[in-house]
Amino acid sequence: MRRSLPALALAVLAVLAAGCGSDSGGGSATRLGAGDVIGMKSLRFKPDHVQVPVGQKITWRNDESVGHDVKADSGASFSSQTFGKDKTFTWTPDKAGTVKYECTLHPGMEGTIDVVAK
C-alpha cells in the first residue's frame, strides 16, 4: 500500500496539471488580416489574442444566439452596445500597445489585442 501511494499522488498531480491553463492571453497572438473577424461563440472570443497594425479595423461578430458586447478594460477606450447573432462591432486602433477587452455580460469572456506600429 505504501508503494502505491506515491504513484497515485503522481497520477493525480499529472491529471490536475493537464487540466490547468487557459487558451487566453498566454499563447502567441494570431495575426488578424484585413477583413478577418473575431468571432463570439461558446461564450469565448475566437481568436482571443490577436495582433494588428495601427490603423487596421477590427471587427467582432456575434456567432451565437445570446447577446454580447465588447468593452475595453485597458489600453484603449471603446464600448459597444449589446448586439445579437450575426451583428458586428468595429473599432480601429490609433496607437501601438496592448488592449485588454471583455464582454461585460459574460464574466471570463476576455481578449487581448497587440497593436503594433506599421
# chains A, B, ... in the order shown; residues from 1 in each chain; ligands from 1
$ residues_around --residues "Ser42 of chain A" --least-positions-apart "6" --cutoff "12 Å" --atoms "only C-alpha atoms" --output "MDAnalysis selection string"
chainID A and resid 62:68 106 108:109
$ write_last_selection --atoms "all heavy atoms" --output "mmCIF file, in the first residue's frame"
data_model
loop_
_atom_site.group_PDB
_atom_site.id
_atom_site.type_symbol
_atom_site.label_atom_id
_atom_site.label_comp_id
_atom_site.auth_asym_id
_atom_site.auth_seq_id
_atom_site.Cartn_x
_atom_site.Cartn_y
_atom_site.Cartn_z
ATOM 1 N N ASN A 62 -20.904 38.448 -33.610
ATOM 2 C CA ASN A 62 -21.593 37.525 -32.709
ATOM 3 C C ASN A 62 -22.080 36.330 -33.524
ATOM 4 O O ASN A 62 -22.939 36.466 -34.386
ATOM 5 C CB ASN A 62 -22.768 38.229 -32.023
ATOM 6 C CG ASN A 62 -23.409 37.367 -30.968
ATOM 7 O OD1 ASN A 62 -23.186 36.164 -30.893
ATOM 8 N ND2 ASN A 62 -24.227 37.977 -30.142
ATOM 9 N N ASP A 63 -21.524 35.150 -33.232
ATOM 10 C CA ASP A 63 -21.862 33.931 -33.967
ATOM 11 C C ASP A 63 -22.823 33.024 -33.207
ATOM 12 O O ASP A 63 -22.963 31.847 -33.544
ATOM 13 C CB ASP A 63 -20.581 33.145 -34.281
ATOM 14 C CG ASP A 63 -19.675 33.885 -35.262
ATOM 15 O OD1 ASP A 63 -20.200 34.579 -36.149
ATOM 16 O OD2 ASP A 63 -18.445 33.775 -35.125
ATOM 17 N N GLU A 64 -23.477 33.544 -32.172
ATOM 18 C CA GLU A 64 -24.422 32.709 -31.437
ATOM 19 C C GLU A 64 -25.657 33.513 -31.059
ATOM 20 O O GLU A 64 -25.688 34.732 -31.199
ATOM 21 C CB GLU A 64 -23.767 32.076 -30.209
ATOM 22 C CG GLU A 64 -23.190 33.028 -29.205
ATOM 23 C CD GLU A 64 -22.376 32.299 -28.134
ATOM 24 O OE1 GLU A 64 -22.545 31.088 -27.947
ATOM 25 O OE2 GLU A 64 -21.574 32.960 -27.475
ATOM 26 N N SER A 65 -26.669 32.823 -30.567
ATOM 27 C CA SER A 65 -27.967 33.468 -30.339
ATOM 28 C C SER A 65 -28.029 34.317 -29.075
ATOM 29 O O SER A 65 -28.951 35.104 -28.914
ATOM 30 C CB SER A 65 -29.074 32.404 -30.291
ATOM 31 O OG SER A 65 -28.807 31.468 -29.271
ATOM 32 N N VAL A 66 -27.061 34.204 -28.183
ATOM 33 C CA VAL A 66 -27.042 35.010 -26.972
ATOM 34 C C VAL A 66 -26.371 36.361 -27.267
ATOM 35 O O VAL A 66 -25.429 36.430 -28.057
ATOM 36 C CB VAL A 66 -26.324 34.258 -25.820
ATOM 37 C CG1 VAL A 66 -24.884 33.983 -26.147
ATOM 38 C CG2 VAL A 66 -26.442 34.999 -24.514
ATOM 39 N N GLY A 67 -26.867 37.432 -26.670
ATOM 40 C CA GLY A 67 -26.307 38.758 -26.895
ATOM 41 C C GLY A 67 -24.926 38.924 -26.263
ATOM 42 O O GLY A 67 -24.596 38.280 -25.260
ATOM 43 N N HIS A 68 -24.109 39.769 -26.877
ATOM 44 C CA HIS A 68 -22.770 40.081 -26.384
ATOM 45 C C HIS A 68 -22.513 41.575 -26.525
ATOM 46 O O HIS A 68 -23.202 42.274 -27.267
ATOM 47 C CB HIS A 68 -21.686 39.348 -27.188
ATOM 48 C CG HIS A 68 -21.671 37.873 -26.981
ATOM 49 N ND1 HIS A 68 -21.328 37.282 -25.785
ATOM 50 C CD2 HIS A 68 -21.939 36.854 -27.833
ATOM 51 C CE1 HIS A 68 -21.384 35.967 -25.906
ATOM 52 N NE2 HIS A 68 -21.761 35.680 -27.135
ATOM 53 N N HIS A 106 -20.747 38.479 -19.822
ATOM 54 C CA HIS A 106 -20.319 37.111 -19.546
ATOM 55 C C HIS A 106 -18.944 37.115 -18.878
ATOM 56 O O HIS A 106 -17.920 37.195 -19.571
ATOM 57 C CB HIS A 106 -20.300 36.295 -20.842
ATOM 58 C CG HIS A 106 -21.635 36.257 -21.505
ATOM 59 N ND1 HIS A 106 -21.933 37.023 -22.623
ATOM 60 C CD2 HIS A 106 -22.766 35.599 -21.168
ATOM 61 C CE1 HIS A 106 -23.193 36.806 -22.955
ATOM 62 N NE2 HIS A 106 -23.731 35.952 -22.091
ATOM 63 N N GLY A 108 -15.437 36.337 -17.555
ATOM 64 C CA GLY A 108 -14.432 35.413 -18.076
ATOM 65 C C GLY A 108 -14.306 35.435 -19.582
ATOM 66 O O GLY A 108 -13.377 34.844 -20.135
ATOM 67 N N MET A 109 -15.205 36.096 -20.279
ATOM 68 C CA MET A 109 -15.115 36.220 -21.730
ATOM 69 C C MET A 109 -14.239 37.433 -22.017
ATOM 70 O O MET A 109 -14.704 38.568 -22.000
ATOM 71 C CB MET A 109 -16.509 36.371 -22.347
ATOM 72 C CG MET A 109 -16.527 36.311 -23.844
ATOM 73 S SD MET A 109 -18.237 36.266 -24.450
ATOM 74 C CE MET A 109 -17.930 36.423 -26.215
#
$ residues_around --residues "Asp73 of chain A" --least-positions-apart "6" --cutoff "9 Å" --atoms "only C-alpha atoms" --output "MDAnalysis selection string"
chainID A and resid 99:102
$ write_last_selection --atoms "N, CA, C and O atoms" --output "PDB file, in the first residue's frame"
ATOM      1  N   VAL A  99      -4.147  46.007 -25.731  1.00  0.00           N
ATOM      2  CA  VAL A  99      -5.521  46.326 -25.347  1.00  0.00           C
ATOM      3  C   VAL A  99      -6.160  45.066 -24.770  1.00  0.00           C
ATOM      4  O   VAL A  99      -6.168  44.016 -25.406  1.00  0.00           O
ATOM      5  N   LYS A 100      -6.667  45.180 -23.573  1.00  0.00           N
ATOM      6  CA  LYS A 100      -7.435  44.102 -22.937  1.00  0.00           C
ATOM      7  C   LYS A 100      -8.902  44.480 -23.031  1.00  0.00           C
ATOM      8  O   LYS A 100      -9.270  45.626 -22.776  1.00  0.00           O
ATOM      9  N   TYR A 101      -9.742  43.513 -23.389  1.00  0.00           N
ATOM     10  CA  TYR A 101     -11.171  43.790 -23.530  1.00  0.00           C
ATOM     11  C   TYR A 101     -11.987  42.612 -23.023  1.00  0.00           C
ATOM     12  O   TYR A 101     -11.444  41.530 -22.763  1.00  0.00           O
ATOM     13  N   GLU A 102     -13.295  42.841 -22.894  1.00  0.00           N
ATOM     14  CA  GLU A 102     -14.181  41.810 -22.365  1.00  0.00           C
ATOM     15  C   GLU A 102     -15.595  41.974 -22.908  1.00  0.00           C
ATOM     16  O   GLU A 102     -15.948  43.015 -23.449  1.00  0.00           O
TER      17      GLU A 102
END
$ closest_residue --among "A:Phe78, A:Pro107, A:Trp91, A:Thr98" --to "Ala29 of chain A" --atoms "only C-alpha atoms"
A:Thr98
$ residues_around --residues "Ile58 of chain A" --least-positions-apart "2" --cutoff "12 Å" --atoms "only C-alpha atoms" --output "PyMOL selection string"
chain A and resi 31-39+50-56+60-61+70+78+88-94+113-115
$ closest_residue --among "A:Thr82, A:Ala117, A:Leu105, A:Glu110" --to "Pro47 of chain A" --atoms "only C-alpha atoms"
A:Glu110
